[in-house]
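Participant: What follows is a structure written as structure tokens; I'll ask about it next.
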Amino acid sequence: MPVILVMTRDSLYPKVQSALSQVTARKGQPIIICGEDDDSISKNAKTIRIPGTVDCLQGLLNIIPLQLLSYHLAILNGFDVDFPRNLAKSVTTE
């Protein structure tokens, strides 16, 4: 089963490295979102490389591949991405 990990160089990097080792030990298939210059990740791992920036903006760059992945998975599964289910439950108008 694929597991998506966000491994950017921040204060949580050692914990995510530990999670990566747990996933690979259990024969998981990690998809790693990491920085362009991160050499500590295995060359045979599936990676999505993103540019590095200051910590307060890194989350904005990390979310882009996750949004694109969810969009394309929804289309592959036949969901209408322009008309999400249960939208009325989450949007309140006055």
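Here's how to read the names in the structure tokens: chain A, B, ... by the order shown, residue numbers from 1 in each chain, ligand numbers from 1 in the order shown.
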Write out as a list in words each polymer residue whose atoms come within 9 Å of Gly52 of chain A, counting only C-alpha atoms; drop sequence neighbours fewer than 5 positions from it.
Facilitator: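 Listed by chain and then number, they are Thr8, Arg9, Cys34, Gly35, Glu36, Asp37, Gln58 and Leu61 of chain A.
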Participant: Okay, now the selection with all heavy atoms, as a PDB file, in the first residue's frame?
Facilitator:
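Result file result_16.pdb:
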```pdb
ATOM      1  N   THR A   8      10.462  17.257   4.646  1.00  0.00           N
ATOM      2  CA  THR A   8      11.251  18.466   4.437  1.00  0.00           C
ATOM      3  C   THR A   8      12.136  18.681   5.660  1.00  0.00           C
ATOM      4  O   THR A   8      11.831  18.203   6.752  1.00  0.00           O
ATOM      5  CB  THR A   8      10.333  19.681   4.214  1.00  0.00           C
ATOM      6  OG1 THR A   8       9.386  19.758   5.278  1.00  0.00           O
ATOM      7  CG2 THR A   8       9.602  19.564   2.889  1.00  0.00           C
ATOM      8  N   ARG A   9      13.206  19.379   5.468  1.00  0.00           N
ATOM      9  CA  ARG A   9      14.181  19.588   6.550  1.00  0.00           C
ATOM     10  C   ARG A   9      13.647  20.605   7.551  1.00  0.00           C
ATOM     11  O   ARG A   9      13.801  21.809   7.413  1.00  0.00           O
ATOM     12  CB  ARG A   9      15.511  20.101   5.973  1.00  0.00           C
ATOM     13  CG  ARG A   9      16.222  19.122   5.103  1.00  0.00           C
ATOM     14  CD  ARG A   9      16.984  18.159   5.940  1.00  0.00           C
ATOM     15  NE  ARG A   9      17.704  17.213   5.091  1.00  0.00           N
ATOM     16  CZ  ARG A   9      18.537  16.352   5.549  1.00  0.00           C
ATOM     17  NH1 ARG A   9      18.801  16.297   6.832  1.00  0.00           N
ATOM     18  NH2 ARG A   9      19.132  15.505   4.753  1.00  0.00           N
ATOM     19  N   CYS A  34       9.944  15.567  -0.760  1.00  0.00           N
ATOM     20  CA  CYS A  34      11.158  16.030  -0.091  1.00  0.00           C
ATOM     21  C   CYS A  34      11.770  17.199  -0.859  1.00  0.00           C
ATOM     22  O   CYS A  34      11.334  17.533  -1.952  1.00  0.00           O
ATOM     23  CB  CYS A  34      12.170  14.890   0.025  1.00  0.00           C
ATOM     24  SG  CYS A  34      12.694  14.220  -1.551  1.00  0.00           S
ATOM     25  N   GLY A  35      12.794  17.773  -0.281  1.00  0.00           N
ATOM     26  CA  GLY A  35      13.490  18.881  -0.903  1.00  0.00           C
ATOM     27  C   GLY A  35      14.360  18.431  -2.065  1.00  0.00           C
ATOM     28  O   GLY A  35      14.765  17.268  -2.147  1.00  0.00           O
ATOM     29  N   GLU A  36      14.624  19.350  -2.965  1.00  0.00           N
ATOM     30  CA  GLU A  36      15.456  19.045  -4.137  1.00  0.00           C
ATOM     31  C   GLU A  36      16.857  18.596  -3.750  1.00  0.00           C
ATOM     32  O   GLU A  36      17.462  17.768  -4.416  1.00  0.00           O
ATOM     33  CB  GLU A  36      15.578  20.288  -5.028  1.00  0.00           C
ATOM     34  CG  GLU A  36      14.320  20.701  -5.702  1.00  0.00           C
ATOM     35  CD  GLU A  36      14.475  22.008  -6.438  1.00  0.00           C
ATOM     36  OE1 GLU A  36      15.224  22.882  -5.981  1.00  0.00           O
ATOM     37  OE2 GLU A  36      13.825  22.152  -7.474  1.00  0.00           O
ATOM     38  N   ASP A  37      17.368  19.150  -2.674  1.00  0.00           N
ATOM     39  CA  ASP A  37      18.758  18.899  -2.280  1.00  0.00           C
ATOM     40  C   ASP A  37      18.900  17.822  -1.204  1.00  0.00           C
ATOM     41  O   ASP A  37      19.973  17.651  -0.642  1.00  0.00           O
ATOM     42  CB  ASP A  37      19.390  20.193  -1.792  1.00  0.00           C
ATOM     43  CG  ASP A  37      18.617  20.805  -0.631  1.00  0.00           C
ATOM     44  OD1 ASP A  37      17.471  20.383  -0.396  1.00  0.00           O
ATOM     45  OD2 ASP A  37      19.161  21.718   0.015  1.00  0.00           O
ATOM     46  N   GLN A  58       7.215  26.872   3.675  1.00  0.00           N
ATOM     47  CA  GLN A  58       7.422  25.516   3.163  1.00  0.00           C
ATOM     48  C   GLN A  58       6.116  24.740   3.038  1.00  0.00           C
ATOM     49  O   GLN A  58       5.926  23.975   2.100  1.00  0.00           O
ATOM     50  CB  GLN A  58       8.399  24.755   4.056  1.00  0.00           C
ATOM     51  CG  GLN A  58       8.877  23.457   3.461  1.00  0.00           C
ATOM     52  CD  GLN A  58       9.714  23.660   2.207  1.00  0.00           C
ATOM     53  OE1 GLN A  58      10.673  24.420   2.221  1.00  0.00           O
ATOM     54  NE2 GLN A  58       9.361  22.996   1.132  1.00  0.00           N
ATOM     55  N   LEU A  61       4.418  25.179  -0.325  1.00  0.00           N
ATOM     56  CA  LEU A  61       5.012  24.401  -1.408  1.00  0.00           C
ATOM     57  C   LEU A  61       4.722  22.911  -1.253  1.00  0.00           C
ATOM     58  O   LEU A  61       4.572  22.202  -2.244  1.00  0.00           O
ATOM     59  CB  LEU A  61       6.525  24.628  -1.464  1.00  0.00           C
ATOM     60  CG  LEU A  61       6.971  26.030  -1.865  1.00  0.00           C
ATOM     61  CD1 LEU A  61       8.486  26.123  -1.838  1.00  0.00           C
ATOM     62  CD2 LEU A  61       6.434  26.401  -3.218  1.00  0.00           C
TER      63      LEU A  61
END
```
Participant: Residues within 12 Å of Ala19 of chain A, please, as a ChimeraX atom specification. Count only C-alpha atoms; anything in the same chain fewer than 2 positions from it doesn't count.
Facilitator: /A:3-7,12-17,21-26,28,30,32
Participant: Got a sec to tell me which of chain A DSSP assigns to alpha helix (DSSP H), as number ranges by chain?
Facilitator: A: 13-25, 55-76, 87-90
Participant: Skip segment 65-76 of chain A itself and residues of its chain fewer than 3 positions away, then list as a compact mmCIF listing (two decimals) with all heavy atoms, in the first residue's frame all residues within 10 Å of it, counting only C-alpha atoms.
Facilitator:
```txt
# COMPACT_ATOMS: atom_id res chain seq x y z
N ILE A 4 2.23 8.19 1.78
CA ILE A 4 2.82 9.48 1.40
C ILE A 4 3.44 10.11 2.64
O ILE A 4 2.79 10.26 3.66
CB ILE A 4 1.75 10.41 0.79
CG1 ILE A 4 1.17 9.76 -0.46
CG2 ILE A 4 2.36 11.77 0.46
CD1 ILE A 4 -0.01 10.49 -1.04
N VAL A 6 5.79 13.48 3.97
CA VAL A 6 6.35 14.80 3.70
C VAL A 6 7.62 14.93 4.53
O VAL A 6 7.57 15.01 5.75
CB VAL A 6 5.35 15.93 4.05
CG1 VAL A 6 5.96 17.29 3.78
CG2 VAL A 6 4.06 15.75 3.27
N ILE A 33 7.65 13.19 -0.39
CA ILE A 33 7.73 14.59 -0.82
C ILE A 33 8.89 15.19 -0.04
O ILE A 33 8.85 15.28 1.18
CB ILE A 33 6.42 15.33 -0.55
CG1 ILE A 33 5.29 14.70 -1.35
CG2 ILE A 33 6.56 16.82 -0.89
CD1 ILE A 33 3.92 15.26 -1.05
N ILE A 48 8.92 12.98 -4.85
CA ILE A 48 8.45 14.20 -5.50
C ILE A 48 9.30 15.31 -4.90
O ILE A 48 9.20 15.60 -3.70
CB ILE A 48 6.96 14.44 -5.24
CG1 ILE A 48 6.13 13.28 -5.78
CG2 ILE A 48 6.52 15.76 -5.87
CD1 ILE A 48 4.67 13.34 -5.39
N ARG A 49 10.18 15.87 -5.69
CA ARG A 49 11.12 16.88 -5.19
C ARG A 49 10.52 18.28 -5.33
O ARG A 49 9.99 18.63 -6.38
CB ARG A 49 12.42 16.80 -5.98
CG ARG A 49 13.07 15.44 -5.97
CD ARG A 49 14.08 15.33 -4.91
NE ARG A 49 14.68 14.00 -4.87
CZ ARG A 49 15.52 13.64 -3.96
NH1 ARG A 49 15.88 14.49 -3.03
NH2 ARG A 49 16.02 12.43 -3.95
N ILE A 50 10.61 19.04 -4.25
CA ILE A 50 10.11 20.42 -4.26
C ILE A 50 11.23 21.35 -3.82
O ILE A 50 12.14 20.95 -3.10
CB ILE A 50 8.89 20.57 -3.33
CG1 ILE A 50 9.21 20.13 -1.91
CG2 ILE A 50 7.69 19.82 -3.86
CD1 ILE A 50 8.12 20.39 -0.92
N LEU A 61 4.42 25.18 -0.32
CA LEU A 61 5.01 24.40 -1.41
C LEU A 61 4.72 22.91 -1.25
O LEU A 61 4.57 22.20 -2.24
CB LEU A 61 6.53 24.63 -1.46
CG LEU A 61 6.97 26.03 -1.86
CD1 LEU A 61 8.49 26.12 -1.84
CD2 LEU A 61 6.43 26.40 -3.22
N ASN A 62 4.63 22.44 -0.02
CA ASN A 62 4.35 21.02 0.22
C ASN A 62 2.94 20.63 -0.21
O ASN A 62 2.72 19.50 -0.63
CB ASN A 62 4.51 20.69 1.71
CG ASN A 62 5.93 20.81 2.18
OD1 ASN A 62 6.85 20.95 1.40
ND2 ASN A 62 6.11 20.77 3.48
N PHE A 79 -14.79 10.43 -9.98
CA PHE A 79 -15.52 11.44 -9.21
C PHE A 79 -15.50 12.77 -9.96
O PHE A 79 -14.53 13.12 -10.61
CB PHE A 79 -14.91 11.63 -7.82
CG PHE A 79 -15.04 10.43 -6.94
CD1 PHE A 79 -13.92 9.69 -6.59
CD2 PHE A 79 -16.27 10.03 -6.48
CE1 PHE A 79 -14.04 8.58 -5.79
CE2 PHE A 79 -16.41 8.92 -5.68
CZ PHE A 79 -15.29 8.19 -5.33
N ASP A 80 -16.59 13.51 -9.84
CA ASP A 80 -16.68 14.84 -10.45
C ASP A 80 -16.01 15.83 -9.51
O ASP A 80 -16.54 16.16 -8.45
CB ASP A 80 -18.14 15.20 -10.69
CG ASP A 80 -18.30 16.52 -11.42
OD1 ASP A 80 -17.28 17.12 -11.81
OD2 ASP A 80 -19.46 16.95 -11.60
N VAL A 81 -14.87 16.33 -9.90
CA VAL A 81 -14.11 17.22 -9.02
C VAL A 81 -14.72 18.61 -8.94
O VAL A 81 -14.41 19.38 -8.03
CB VAL A 81 -12.63 17.32 -9.46
CG1 VAL A 81 -11.93 16.00 -9.28
CG2 VAL A 81 -12.52 17.80 -10.89
```
Participant: Quick one: DSSP strand (DSSP E) residues in chain A, as number ranges by chain?
Facilitator: A: 2-7, 29-35, 46-50
